[in-house]
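upload20.cif (mmCIF, C-alpha atoms) appears below.
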data_final
loop_
_atom_site.label_atom_id
_atom_site.label_comp_id
_atom_site.auth_asym_id
_atom_site.auth_seq_id
_atom_site.Cartn_x
_atom_site.Cartn_y
_atom_site.Cartn_z
CA MET A 1 124.14 132.62 97.72
CA ARG A 2 122.96 133.36 101.26
CA LEU A 3 121.55 136.69 100.05
CA ILE A 4 119.60 134.92 97.30
CA TYR A 5 118.30 132.40 99.83
CA ALA A 6 117.22 135.20 102.18
CA LEU A 7 115.31 136.86 99.33
CA ILE A 8 113.56 133.57 98.52
CA LEU A 9 112.52 133.18 102.16
CA THR A 10 111.21 136.75 102.17
CA LEU A 11 109.15 136.05 99.05
CA LEU A 12 107.75 132.83 100.44
CA ALA A 13 106.88 134.47 103.72
CA SER A 14 104.73 136.96 101.82
CA LEU A 15 102.72 134.19 100.14
CA PRO A 16 99.54 132.78 101.67
CA ALA A 17 100.39 130.18 104.31
CA ARG A 18 97.80 127.74 102.99
CA ALA A 19 96.42 126.79 99.61
CA GLU A 20 92.70 127.50 99.26
CA VAL A 21 91.27 124.49 97.46
CA ASP A 22 87.61 123.51 97.78
CA ILE A 23 87.41 119.73 97.34
CA GLN A 24 84.15 117.86 96.82
CA GLU A 25 83.80 114.10 97.09
CA VAL A 26 81.80 112.77 94.15
CA THR A 27 80.27 109.32 93.77
CA SER A 28 79.20 108.32 90.27
CA PRO A 29 75.91 106.49 89.63
CA GLY A 30 78.04 103.38 89.07
CA GLY A 31 79.72 103.66 92.47
CA LEU A 32 83.08 105.21 91.56
CA THR A 33 84.47 107.78 94.01
CA ALA A 34 86.44 110.86 92.95
CA TRP A 35 87.64 114.14 94.44
CA LEU A 36 86.69 117.23 92.46
CA VAL A 37 87.77 120.86 92.51
CA GLU A 38 85.25 122.70 90.34
CA ASP A 39 86.53 125.80 88.53
CA GLN A 40 84.48 127.28 85.71
CA SER A 41 86.78 130.24 85.05
CA ILE A 42 88.03 128.65 81.81
CA PRO A 43 86.43 125.91 79.65
CA PHE A 44 89.04 123.31 80.46
CA ALA A 45 89.47 120.37 82.84
CA ALA A 46 92.11 117.88 83.98
CA LEU A 47 91.44 114.29 85.01
CA GLU A 48 93.90 112.07 86.87
CA ILE A 49 93.18 108.34 87.25
CA ARG A 50 95.50 106.03 89.15
CA PHE A 51 95.39 102.26 89.58
CA ARG A 52 97.29 101.09 92.67
CA GLY A 53 99.74 98.25 92.17
CA GLY A 54 101.68 99.20 89.07
CA ALA A 55 104.82 97.30 88.16
CA SER A 56 104.88 95.69 91.60
CA LEU A 57 102.25 93.29 90.26
CA ASP A 58 104.59 91.84 87.63
CA PRO A 59 105.23 88.10 88.07
CA ARG A 60 108.92 87.46 88.63
CA ASP A 61 109.35 85.84 85.20
CA LYS A 62 107.32 88.59 83.47
CA LEU A 63 109.14 91.69 84.72
CA GLY A 64 108.29 94.70 82.57
CA ALA A 65 104.86 93.40 81.55
CA VAL A 66 102.91 96.21 83.25
CA ASN A 67 105.28 98.85 81.87
CA LEU A 68 105.04 97.52 78.30
CA MET A 69 101.27 97.10 78.55
CA THR A 70 100.88 100.68 79.77
CA ALA A 71 103.04 102.04 76.96
CA LEU A 72 100.79 100.27 74.45
CA LEU A 73 97.53 101.81 75.67
CA GLU A 74 97.98 104.75 73.29
CA GLU A 75 99.11 102.52 70.43
CA GLY A 76 95.64 101.75 69.14
CA ALA A 77 92.24 100.99 70.65
CA GLY A 78 88.95 99.70 69.34
CA GLU A 79 88.73 100.40 65.59
CA MET A 80 91.70 102.82 65.69
CA ASP A 81 95.30 101.84 65.12
CA ALA A 82 98.13 103.81 66.76
CA ARG A 83 98.19 106.55 64.13
CA GLU A 84 94.42 106.99 64.10
CA PHE A 85 94.29 107.16 67.90
CA SER A 86 96.96 109.87 67.91
CA ARG A 87 95.18 111.87 65.21
CA ALA A 88 91.85 111.63 67.06
CA THR A 89 93.45 112.97 70.23
CA GLU A 90 95.14 115.82 68.39
CA ALA A 91 91.91 116.74 66.59
CA LEU A 92 90.26 117.29 69.95
CA ALA A 93 93.16 119.39 71.24
CA SER A 94 93.25 116.93 74.15
CA ALA A 95 96.27 115.49 75.92
CA ILE A 96 96.23 111.90 77.19
CA SER A 97 99.22 110.18 78.75
CA PHE A 98 99.86 106.82 80.39
CA ASP A 99 102.62 105.94 82.84
CA ALA A 100 103.66 102.94 84.94
CA SER A 101 105.61 103.21 88.21
CA ARG A 102 106.34 100.75 90.98
CA ASP A 103 103.14 101.60 92.83
CA ALA A 104 100.64 102.64 90.17
CA VAL A 105 99.55 102.94 86.59
CA SER A 106 98.59 106.57 85.98
CA ILE A 107 96.37 108.07 83.30
CA SER A 108 96.33 111.83 82.82
CA ALA A 109 93.88 113.65 80.56
CA ARG A 110 93.39 117.33 79.78
CA PHE A 111 90.54 118.48 77.59
CA LEU A 112 88.36 121.39 76.56
CA THR A 113 84.86 121.43 78.00
CA GLU A 114 83.29 121.08 74.55
CA ASN A 115 85.37 117.94 73.91
CA ARG A 116 84.79 116.25 77.27
CA GLU A 117 82.58 113.44 75.98
CA ALA A 118 84.71 112.76 72.90
CA THR A 119 87.88 112.63 75.01
CA GLY A 120 86.10 110.31 77.42
CA ALA A 121 85.27 107.99 74.52
CA LEU A 122 88.95 107.85 73.55
CA LEU A 123 89.95 107.12 77.14
CA ARG A 124 87.34 104.39 77.42
CA ALA A 125 88.62 102.75 74.25
CA ALA A 126 92.25 102.91 75.41
CA LEU A 127 91.47 101.40 78.81
CA THR A 128 88.87 98.79 77.85
CA GLU A 129 89.65 97.97 74.20
CA PRO A 130 93.43 98.14 73.71
CA ARG A 131 94.48 96.43 70.49
CA PHE A 132 97.96 95.21 71.40
CA ASP A 133 98.73 94.87 67.69
CA ALA A 134 101.78 92.76 66.88
CA GLU A 135 103.52 95.62 65.03
CA ALA A 136 102.98 98.01 67.93
CA ILE A 137 104.19 95.45 70.47
CA GLU A 138 107.45 94.88 68.62
CA ARG A 139 108.05 98.59 68.04
CA VAL A 140 107.46 99.57 71.68
CA ARG A 141 109.32 96.48 72.92
CA GLY A 142 112.33 97.68 70.93
CA GLN A 143 112.10 101.10 72.57
CA VAL A 144 111.95 99.55 76.05
CA LEU A 145 114.90 97.25 75.33
CA SER A 146 116.93 100.25 74.16
CA ILE A 147 116.16 102.03 77.45
CA ILE A 148 117.16 98.94 79.48
CA GLN A 149 120.44 98.61 77.58
CA SER A 150 121.19 102.28 78.17
CA ASP A 151 120.40 101.95 81.89
CA LEU A 152 122.87 99.07 82.19
CA LYS A 153 125.63 101.56 81.33
CA ASP A 154 124.39 104.40 83.52
CA PRO A 155 126.12 104.69 86.94
CA ASP A 156 123.03 106.27 88.53
CA ASP A 157 120.78 103.43 87.37
CA ILE A 158 123.33 100.84 88.43
CA ALA A 159 123.48 102.41 91.89
CA GLY A 160 119.69 102.51 92.15
CA ASP A 161 119.26 98.88 91.13
CA THR A 162 122.00 97.75 93.51
CA PHE A 163 120.59 99.70 96.45
CA GLY A 164 117.11 98.36 95.70
CA LYS A 165 118.28 94.76 95.90
CA ILE A 166 120.03 95.44 99.21
CA ALA A 167 117.12 97.32 100.78
CA TYR A 168 114.18 95.26 99.53
CA GLY A 169 115.56 91.75 99.15
CA ASP A 170 113.09 89.57 97.22
CA HIS A 171 110.26 92.13 97.27
CA PRO A 172 108.97 93.51 93.92
CA TYR A 173 110.60 96.86 94.76
CA ALA A 174 113.98 95.21 94.23
CA PHE A 175 113.31 94.65 90.53
CA PRO A 176 113.29 97.18 87.65
CA VAL A 177 110.01 98.68 86.46
CA ASN A 178 111.13 98.31 82.84
CA GLY A 179 112.03 94.65 83.33
CA THR A 180 115.18 92.97 82.10
CA ILE A 181 116.37 92.24 78.58
CA GLU A 182 115.46 88.57 79.07
CA THR A 183 111.98 89.09 80.52
CA VAL A 184 110.93 91.86 78.11
CA THR A 185 112.20 89.88 75.13
CA GLY A 186 110.05 86.94 76.23
CA LEU A 187 106.78 88.81 76.82
CA THR A 188 103.86 87.65 74.66
CA ARG A 189 100.61 89.36 73.75
CA GLU A 190 98.87 87.05 76.24
CA ASP A 191 101.19 88.35 78.98
CA LEU A 192 100.15 91.91 78.17
CA VAL A 193 96.46 91.01 78.22
CA GLN A 194 96.99 89.41 81.63
CA ALA A 195 98.86 92.47 82.92
CA HIS A 196 95.96 94.61 81.75
CA SER A 197 93.40 92.61 83.76
CA ASP A 198 95.74 92.41 86.77
CA VAL A 199 96.14 96.18 87.08
CA LEU A 200 93.23 98.00 85.44
CA ALA A 201 90.43 97.05 87.82
CA ARG A 202 87.79 99.00 89.73
CA ASP A 203 88.91 97.85 93.19
CA ARG A 204 92.09 99.97 93.03
CA ILE A 205 91.05 103.21 91.29
CA TYR A 206 91.79 106.69 92.63
CA ILE A 207 90.46 109.72 90.76
CA GLY A 208 91.03 113.47 90.87
CA ALA A 209 89.37 116.05 88.61
CA VAL A 210 89.86 119.82 88.41
CA GLY A 211 88.26 122.44 86.19
CA ASP A 212 85.10 123.14 84.29
CA ILE A 213 83.11 120.04 85.15
CA THR A 214 80.19 119.57 87.56
CA PRO A 215 79.81 116.62 89.96
CA GLU A 216 77.04 115.23 87.74
CA GLN A 217 79.12 115.55 84.58
CA LEU A 218 82.11 113.96 86.30
CA GLY A 219 80.05 111.02 87.54
CA SER A 220 78.69 110.39 84.06
CA LEU A 221 82.18 110.66 82.53
CA LEU A 222 83.70 108.21 85.02
CA ASP A 223 81.03 105.58 84.45
CA GLU A 224 81.52 105.93 80.70
CA VAL A 225 85.31 105.64 80.89
CA LEU A 226 85.74 103.10 83.71
CA GLY A 227 82.41 101.35 84.14
CA ASP A 228 83.27 98.30 82.03
CA LEU A 229 86.56 97.49 83.75
CA PRO A 230 86.72 94.26 85.78
CA GLU A 231 85.71 94.57 89.43
CA GLU A 232 88.89 93.06 90.90
CA GLY A 233 92.52 92.84 89.86
CA ALA A 234 95.49 90.79 91.04
CA PRO A 235 96.31 90.62 94.78
CA MET A 236 98.55 93.38 96.06
CA PRO A 237 102.12 92.58 97.16
CA PRO A 238 102.88 92.52 100.89
CA GLU A 239 104.68 95.28 102.76
CA ALA A 240 108.42 95.26 102.12
CA GLU A 241 110.71 94.38 105.00
CA VAL A 242 113.36 97.08 104.67
CA GLN A 243 116.58 95.67 106.07
CA ILE A 244 119.53 97.84 105.13
CA PRO A 245 122.81 96.58 106.59
CA PRO A 246 125.51 99.05 107.58
CA GLY A 247 128.52 99.38 105.35
CA VAL A 248 129.57 99.96 101.77
CA THR A 249 128.92 98.19 98.49
CA VAL A 250 131.33 99.06 95.69
CA VAL A 251 130.31 98.29 92.09
CA ASP A 252 133.33 98.47 89.81
CA PHE A 253 132.65 100.76 86.85
CA ALA A 254 135.21 102.46 84.62
CA THR A 255 134.60 106.17 85.15
CA PRO A 256 136.64 109.04 86.61
CA GLN A 257 133.81 109.98 88.98
CA SER A 258 132.06 107.71 91.46
CA VAL A 259 128.31 107.94 92.03
CA ALA A 260 126.99 107.05 95.49
CA LEU A 261 123.53 106.36 96.88
CA PHE A 262 123.16 106.07 100.63
CA GLY A 263 120.28 105.33 102.91
CA GLN A 264 118.64 103.87 105.98
CA PRO A 265 115.04 102.90 106.91
CA GLY A 266 112.65 105.85 106.74
CA ILE A 267 109.27 106.91 108.12
CA LYS A 268 105.66 106.54 106.94
CA GLN A 269 103.81 109.66 105.82
CA SER A 270 101.02 108.64 108.19
CA ASP A 271 103.40 108.71 111.18
CA PRO A 272 102.69 111.58 113.61
CA ASP A 273 106.40 112.44 113.50
CA TYR A 274 106.55 112.65 109.69
CA PHE A 275 106.75 116.44 109.50
CA ALA A 276 109.46 116.53 112.13
CA ALA A 277 111.42 114.20 109.85
CA VAL A 278 110.66 116.42 106.83
CA LEU A 279 112.04 119.49 108.60
CA LEU A 280 115.04 117.58 109.88
CA ASN A 281 115.80 116.29 106.39
CA TYR A 282 115.42 119.76 104.90
CA VAL A 283 118.13 121.10 107.20
CA LEU A 284 120.38 118.10 106.71
CA GLY A 285 120.26 117.56 102.96
CA GLY A 286 116.96 118.63 101.44
CA GLY A 287 117.47 122.38 101.43
CA SER A 288 119.72 122.63 98.38
CA PHE A 289 122.59 125.10 98.92
CA GLU A 290 121.52 125.90 102.47
CA SER A 291 121.62 122.30 103.69
CA ARG A 292 124.32 121.10 106.05
CA LEU A 293 125.50 118.43 103.64
CA MET A 294 125.91 120.93 100.81
CA GLU A 295 127.76 123.30 103.11
CA GLU A 296 130.15 120.66 104.43
CA VAL A 297 130.69 118.49 101.34
CA ARG A 298 130.59 121.10 98.58
CA GLU A 299 131.16 124.58 99.95
CA LYS A 300 133.84 123.85 102.56
CA ARG A 301 135.67 120.97 100.88
CA GLY A 302 134.80 121.15 97.18
CA LEU A 303 134.16 117.41 97.03
CA THR A 304 131.07 117.52 94.79
CA TYR A 305 128.77 119.72 92.73
CA GLY A 306 125.78 118.45 94.66
CA VAL A 307 124.76 116.26 97.60
CA TYR A 308 121.17 115.68 98.64
CA SER A 309 118.98 113.67 101.01
CA TYR A 310 115.27 112.91 100.78
CA LEU A 311 112.52 110.88 102.39
CA LEU A 312 111.39 108.23 99.90
CA SER A 313 107.93 106.99 100.84
CA ARG A 314 106.38 104.29 98.68
CA ASP A 315 103.14 102.41 99.22
CA LEU A 316 104.90 99.43 100.77
CA ALA A 317 108.20 100.75 102.16
CA GLU A 318 109.94 103.87 103.49
CA VAL A 319 113.60 104.76 103.09
CA TRP A 320 115.63 107.84 103.97
CA MET A 321 117.93 108.26 100.97
CA GLY A 322 120.70 110.48 99.71
CA SER A 323 123.01 110.86 96.74
CA VAL A 324 126.42 112.32 95.95
CA ALA A 325 129.00 112.13 93.17
CA SER A 326 132.70 112.85 93.46
CA ALA A 327 136.04 112.08 91.85
CA ASN A 328 137.31 108.56 92.51
CA ASP A 329 140.14 109.89 94.68
CA ARG A 330 137.77 112.06 96.79
CA ILE A 331 134.58 110.02 97.18
CA ALA A 332 135.87 108.28 100.35
CA GLU A 333 136.23 111.67 102.03
CA ALA A 334 132.72 112.67 100.90
CA VAL A 335 131.31 109.48 102.38
CA GLN A 336 133.00 110.14 105.71
CA VAL A 337 131.76 113.74 105.87
CA ILE A 338 128.20 112.57 105.20
CA ARG A 339 128.49 109.99 107.97
CA ASP A 340 129.81 112.65 110.34
CA GLU A 341 126.97 115.06 109.55
CA TRP A 342 124.39 112.28 109.94
CA ALA A 343 125.86 111.48 113.36
CA LYS A 344 125.97 115.13 114.38
CA ALA A 345 122.29 115.63 113.51
CA ALA A 346 121.33 112.42 115.31
CA GLU A 347 123.12 113.51 118.48
CA GLU A 348 122.47 117.26 118.51
CA GLY A 349 119.44 117.83 116.29
CA ILE A 350 119.28 121.24 114.63
CA THR A 351 119.21 124.85 115.80
CA GLU A 352 116.14 126.98 116.43
CA GLU A 353 117.20 129.24 113.58
CA GLU A 354 117.47 126.29 111.20
CA LEU A 355 114.06 125.00 112.26
CA GLU A 356 112.36 128.34 111.65
CA ALA A 357 114.01 128.76 108.25
CA ALA A 358 112.91 125.26 107.26
CA LYS A 359 109.34 125.95 108.37
CA THR A 360 109.26 129.21 106.42
CA TYR A 361 110.40 127.53 103.24
CA ILE A 362 108.27 124.38 103.49
CA THR A 363 105.05 126.19 104.39
CA GLY A 364 105.69 129.00 101.90
CA ALA A 365 106.50 126.68 99.01
CA TYR A 366 103.40 124.53 99.53
CA PRO A 367 100.90 126.84 97.76
CA LEU A 368 103.20 126.94 94.72
CA ARG A 369 102.33 123.31 94.02
CA PHE A 370 98.77 124.32 93.16
CA ASP A 371 99.64 126.11 89.95
CA GLY A 372 97.19 124.55 87.50
CA ASN A 373 94.40 122.07 86.97
CA ALA A 374 96.66 119.12 86.18
CA PRO A 375 99.01 119.53 89.20
CA ILE A 376 96.02 119.89 91.53
CA ALA A 377 94.33 116.78 90.08
CA ASN A 378 97.57 114.89 90.66
CA ILE A 379 97.72 116.10 94.27
CA LEU A 380 94.11 115.02 94.89
CA VAL A 381 94.89 111.48 93.74
CA GLY A 382 98.06 111.33 95.82
CA MET A 383 96.14 112.40 98.91
CA GLN A 384 93.59 109.64 98.41
CA MET A 385 96.24 106.98 97.90
CA LEU A 386 97.93 108.05 101.13
CA GLY A 387 94.64 107.92 103.02
CA LEU A 388 94.80 111.63 103.89
CA PRO A 389 91.61 113.45 104.92
CA ILE A 390 89.83 115.65 102.40
CA ASP A 391 90.72 118.79 104.40
CA TYR A 392 94.45 117.93 104.48
CA ILE A 393 95.44 120.83 102.20
CA ALA A 394 93.94 123.33 104.65
CA THR A 395 95.62 121.77 107.70
CA ARG A 396 98.97 120.60 106.33
CA ASN A 397 100.94 123.77 107.09
CA ASP A 398 99.50 123.87 110.61
CA LYS A 399 101.07 120.45 111.17
CA VAL A 400 104.42 121.77 109.97
CA GLU A 401 104.22 124.83 112.22
CA ALA A 402 103.32 122.66 115.24
CA VAL A 403 106.67 120.82 115.18
CA THR A 404 108.81 121.80 118.19
CA MET A 405 112.52 121.58 118.92
CA ALA A 406 111.72 118.76 121.34
CA ASP A 407 110.03 116.86 118.49
CA ILE A 408 113.08 117.36 116.28
CA GLU A 409 115.49 116.16 118.96
CA ARG A 410 113.38 113.09 119.72
CA VAL A 411 112.92 112.12 116.07
CA ALA A 412 116.59 112.70 115.30
CA ALA A 413 117.61 110.39 118.14
CA GLU A 414 115.02 107.73 117.34
CA LEU A 415 115.04 107.70 113.54
CA MET A 416 118.53 108.65 112.40
CA ASP A 417 120.99 105.76 112.28
CA PRO A 418 124.46 106.98 111.28
CA GLU A 419 126.04 103.63 112.09
CA GLY A 420 123.43 101.86 109.96
CA LEU A 421 123.89 103.95 106.81
CA HIS A 422 124.69 101.93 103.72
CA PHE A 423 126.54 103.44 100.76
CA VAL A 424 126.41 101.99 97.26
CA VAL A 425 129.31 103.43 95.29
CA VAL A 426 129.53 102.91 91.53
CA GLY A 427 132.92 103.72 90.04
CA GLN A 428 136.54 103.00 90.95
CA PRO A 429 136.75 104.71 94.34
CA GLU A 430 140.08 104.97 96.09
CA GLY A 431 140.04 104.03 99.75
CA LEU A 432 136.64 102.30 99.69
CA LYS A 433 135.91 98.59 99.57
CA SER A 434 132.75 96.55 99.90
CA THR A 435 132.14 95.75 103.55
CA ALA A 436 128.59 94.42 103.89
CA PRO A 437 127.81 90.69 103.89
CA SER A 438 125.10 91.20 101.29
CA ASP A 439 127.63 92.38 98.71
CA GLY A 440 128.10 88.80 97.64
#

Take the structure in this file and express it as structure tokens.
Amino acid sequence: MRLIYALILTLLASLPARAEVDIQEVTSPGGLTAWLVEDQSIPFAALEIRFRGGASLDPRDKLGAVNLMTALLEEGAGEMDAREFSRATEALASAISFDASRDAVSISARFLTENREATGALLRAALTEPRFDAEAIERVRGQVLSIIQSDLKDPDDIAGDTFGKIAYGDHPYAFPVNGTIETVTGLTREDLVQAHSDVLARDRIYIGAVGDITPEQLGSLLDEVLGDLPEEGAPMPPEAEVQIPPGVTVVDFATPQSVALFGQPGIKQSDPDYFAAVLLNYVLGGGSFESRLMEEVREKRGLTYGVYSYLLSRDLAEVWMGSVASANDRIAEAVQVIRDEWAKAAEEGITEEELEAAKTYITGAYPLRFDGNAPIANILVGMQMLGLPIDYIATRNDKVEAVTMADIERVAAELMDPEGLHFVVVGQPEGLKSTAPSDG
């Protein structure tokens, strides 16, 4: 395994250290702003549109409204019912998808240059003239309810929901994107129309486009697709107050293997120390088989097939998370080893060798993200939503390389909180009991 890892590092080291992407800022005649990477090498383009807010805008008694509304956008628009809309998209050899997350509703479109205007007309209809037919509502509602019922029996989903309630309290992040059986069952067509006007508004749009399209053509397309949307949507939720108590929460679930999520407060991507935290996390639990957690929990002790940590940065909260699964009679040992490694990193940081290996991987892997029009369009939108400068792609790896051992040691001491880690364990773990006051 170490030989394979060394070969990967050698390959990455031979790749360009930065991704060469020429981004233009485009403003449409109607005042919409987008970032464009023009590439006329093939007659094809990708468009990514994101509306900030997403499922976080659901009223508490209407959980799942934004998710259900978004799923219905391709189920008929204007004069077309669901089948006719699907056939029209296929006839153009276009791909249009809609997705709702906690922070955004996303629309992705890919189309041939010759079908740009026709695809734009379909997008416009879906976004401004959704039908919300009764038959489509009931059919998609049934699909969502089936997903919710399945999630209620999934240890990973149970752990995620439980951790969310502990970390985010009464904030929208504590509640499921799909909603609950009760709230989704009760949603009316009027609720979906309201969710549409709450989310799909011009004051929260972020746009990325890549491919065979000029700034003038993009501006015209955007005004056609988005120009008739309402100017303002619903107010955004406040920042979440992440308050994760130390301890353990055990959720009894009949299974031979316990699933655990663990975490502590994280760090904003806008923080000057963010890349120090990224490198630190890579060494600790983000580097797959070469991470310390994988070495100690899996390789040395055989307690799990996999253990990982990651920096979870949302629009309104930041958490440093991790996950592990182990047999009920061994999960307590896995939890203790993770705590010990967290404490060791907090006290001692990492080695110079580990830092350089992490830098090599993280800078070398970065250009691999730019492997097509659609991934690049998605990256452009993400950059805008994070408030990153337009030249960020060219400077990002320089920021990684600039991190010093002193930065790592300082961030490890300041950010890592081994005593404050909270573990949510779903299963029937031996030797673990709920300890935190919030367990109820």

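Rounded to one decimal, CA of Gly263 in chain A and CA of Leu284 in chain A lie 13.3 Å from each other.
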
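CA of Leu386 in chain A is found 18.1 Å from CA of Val21 in chain A.
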
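One finds CA of Val324 in chain A at 16.8 Å from CA of Gly164 in chain A.
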
Q. For the file shown, what are the residues hit by the PyMOL selection byres ((chain A and resi 377) around 12), laid out as an NGL selection string?
A. :A and (21 or 23 or 34-38 or 45-50 or 106-110 or 206-211 or 369-376 or 378-384)

Q.
Just want the 10 Å neighbourhood of Leu279 in chain A, counted on all atoms listed in the file, with same-chain residues fewer than 3 positions away dropped. Output as JSON, numbers by chain.
A. {"A": [274, 275, 276, 282, 283, 284, 286, 287, 350, 354, 355, 356, 357, 358, 359, 361, 362, 400, 403, 408]}

**Q.** Option closest in space to Asp99 in chain A, from A:Asn115, A:Ser146, A:Thr185, A:Asn178 [counting all atoms listed in the file]
**A.** A:Asn178

(Q) With the PyMOL selection byres ((chain A and resi 73) around 9) as the selection, what would be picked from this file? Answer as an MDAnalysis selection string, please. (A) chainID A and resid 69:72 74:77 98 126:127 129:132

Please evaluate the PyMOL selection byres ((chain A and resi 169) around 10) against the displayed coordinates and give the resulting residues as a CSV table (one decimal) with C-alpha atoms, in the frame of the given file.
chain,number,residue,atom,x,y,z
A,163,PHE,CA,120.6,99.7,96.4
A,164,GLY,CA,117.1,98.4,95.7
A,165,LYS,CA,118.3,94.8,95.9
A,166,ILE,CA,120.0,95.4,99.2
A,167,ALA,CA,117.1,97.3,100.8
A,168,TYR,CA,114.2,95.3,99.5
A,170,ASP,CA,113.1,89.6,97.2
A,171,HIS,CA,110.3,92.1,97.3
A,172,PRO,CA,109.0,93.5,93.9
A,173,TYR,CA,110.6,96.9,94.8
A,174,ALA,CA,114.0,95.2,94.2
A,175,PHE,CA,113.3,94.6,90.5
A,240,ALA,CA,108.4,95.3,102.1
A,241,GLU,CA,110.7,94.4,105.0
A,242,VAL,CA,113.4,97.1,104.7
A,243,GLN,CA,116.6,95.7,106.1
A,244,ILE,CA,119.5,97.8,105.1
A,438,SER,CA,125.1,91.2,101.3

**Q.** Shell around Trp342 in chain A at 12 Å using all atoms listed in the file, local window under 4 positions removed, as a ChimeraX atom specification
**A.** /A:262-264,280-281,283-285,292-293,296,309,320-322,335-338,346-350,412-413,415-421

Hey, can you spit out that residue selection with C-alpha atoms as a PDB file, in the frame of the given file?
ATOM      1  CA  PHE A 262     123.160 106.070 100.630  1.00  0.00           C
ATOM      2  CA  GLY A 263     120.280 105.330 102.910  1.00  0.00           C
ATOM      3  CA  GLN A 264     118.640 103.870 105.980  1.00  0.00           C
ATOM      4  CA  LEU A 280     115.040 117.580 109.880  1.00  0.00           C
ATOM      5  CA  ASN A 281     115.800 116.290 106.390  1.00  0.00           C
ATOM      6  CA  VAL A 283     118.130 121.100 107.200  1.00  0.00           C
ATOM      7  CA  LEU A 284     120.380 118.100 106.710  1.00  0.00           C
ATOM      8  CA  GLY A 285     120.260 117.560 102.960  1.00  0.00           C
ATOM      9  CA  ARG A 292     124.320 121.100 106.050  1.00  0.00           C
ATOM     10  CA  LEU A 293     125.500 118.430 103.640  1.00  0.00           C
ATOM     11  CA  GLU A 296     130.150 120.660 104.430  1.00  0.00           C
ATOM     12  CA  SER A 309     118.980 113.670 101.010  1.00  0.00           C
ATOM     13  CA  TRP A 320     115.630 107.840 103.970  1.00  0.00           C
ATOM     14  CA  MET A 321     117.930 108.260 100.970  1.00  0.00           C
ATOM     15  CA  GLY A 322     120.700 110.480  99.710  1.00  0.00           C
ATOM     16  CA  VAL A 335     131.310 109.480 102.380  1.00  0.00           C
ATOM     17  CA  GLN A 336     133.000 110.140 105.710  1.00  0.00           C
ATOM     18  CA  VAL A 337     131.760 113.740 105.870  1.00  0.00           C
ATOM     19  CA  ILE A 338     128.200 112.570 105.200  1.00  0.00           C
ATOM     20  CA  ALA A 346     121.330 112.420 115.310  1.00  0.00           C
ATOM     21  CA  GLU A 347     123.120 113.510 118.480  1.00  0.00           C
ATOM     22  CA  GLU A 348     122.470 117.260 118.510  1.00  0.00           C
ATOM     23  CA  GLY A 349     119.440 117.830 116.290  1.00  0.00           C
ATOM     24  CA  ILE A 350     119.280 121.240 114.630  1.00  0.00           C
ATOM     25  CA  ALA A 412     116.590 112.700 115.300  1.00  0.00           C
ATOM     26  CA  ALA A 413     117.610 110.390 118.140  1.00  0.00           C
ATOM     27  CA  LEU A 415     115.040 107.700 113.540  1.00  0.00           C
ATOM     28  CA  MET A 416     118.530 108.650 112.400  1.00  0.00           C
ATOM     29  CA  ASP A 417     120.990 105.760 112.280  1.00  0.00           C
ATOM     30  CA  PRO A 418     124.460 106.980 111.280  1.00  0.00           C
ATOM     31  CA  GLU A 419     126.040 103.630 112.090  1.00  0.00           C
ATOM     32  CA  GLY A 420     123.430 101.860 109.960  1.00  0.00           C
ATOM     33  CA  LEU A 421     123.890 103.950 106.810  1.00  0.00           C
TER      34      LEU A 421
END

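The list of residues with at least one atom within 9 Å of Thr33 in chain A, based on all atoms listed in the file and without residues fewer than 6 positions apart in the same chain, reads Glu25, Val26, Thr27, Ile205, Tyr206, Ile207 and Gly219 of chain A.
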
Q) Using all atoms listed in the file, which residue out of A:Pro155, A:Pro246, A:Gly30, A:Gly227 lies closest to Val426 in chain A? A) A:Pro155

(Q) I need the residue nearest Asp156 in chain A from this list: A:Ala325, A:Val184, A:Ala134, A:Met385. Use all atoms listed in the file for the distance. (A)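 Result for the nearest residue to Asp156 in chain A: A:Ala325.
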
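Minimum distance to Glu239 in chain A across A:Glu353, A:Glu135, A:Asp103, A:Glu341 (counting only C-alpha atoms) occurs at A:Asp103.
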
Q: Find the residue from A:Gln40, A:Ser56, A:Gln149, A:Asn397 that sits nearest to Gly364 in chain A; use all atoms listed in the file when measuring.
A: A:Asn397

Q. Looking at only C-alpha atoms, which of A:Val105, A:Gly64, A:Glu401, A:Ser86 is the one that sits closest to Ile147 in chain A?
A. A:Gly64

So that all listed atoms of range 165-183 of chain A fit with 4 Å spare on each side, what axis-aligned box centre and edge lengths in Å, to one decimal, would you give as AutoDock Vina command-line options?
--center_x 114.5 --center_y 93.6 --center_z 89.7 --size_x 19.1 --size_y 18.1 --size_z 30.2
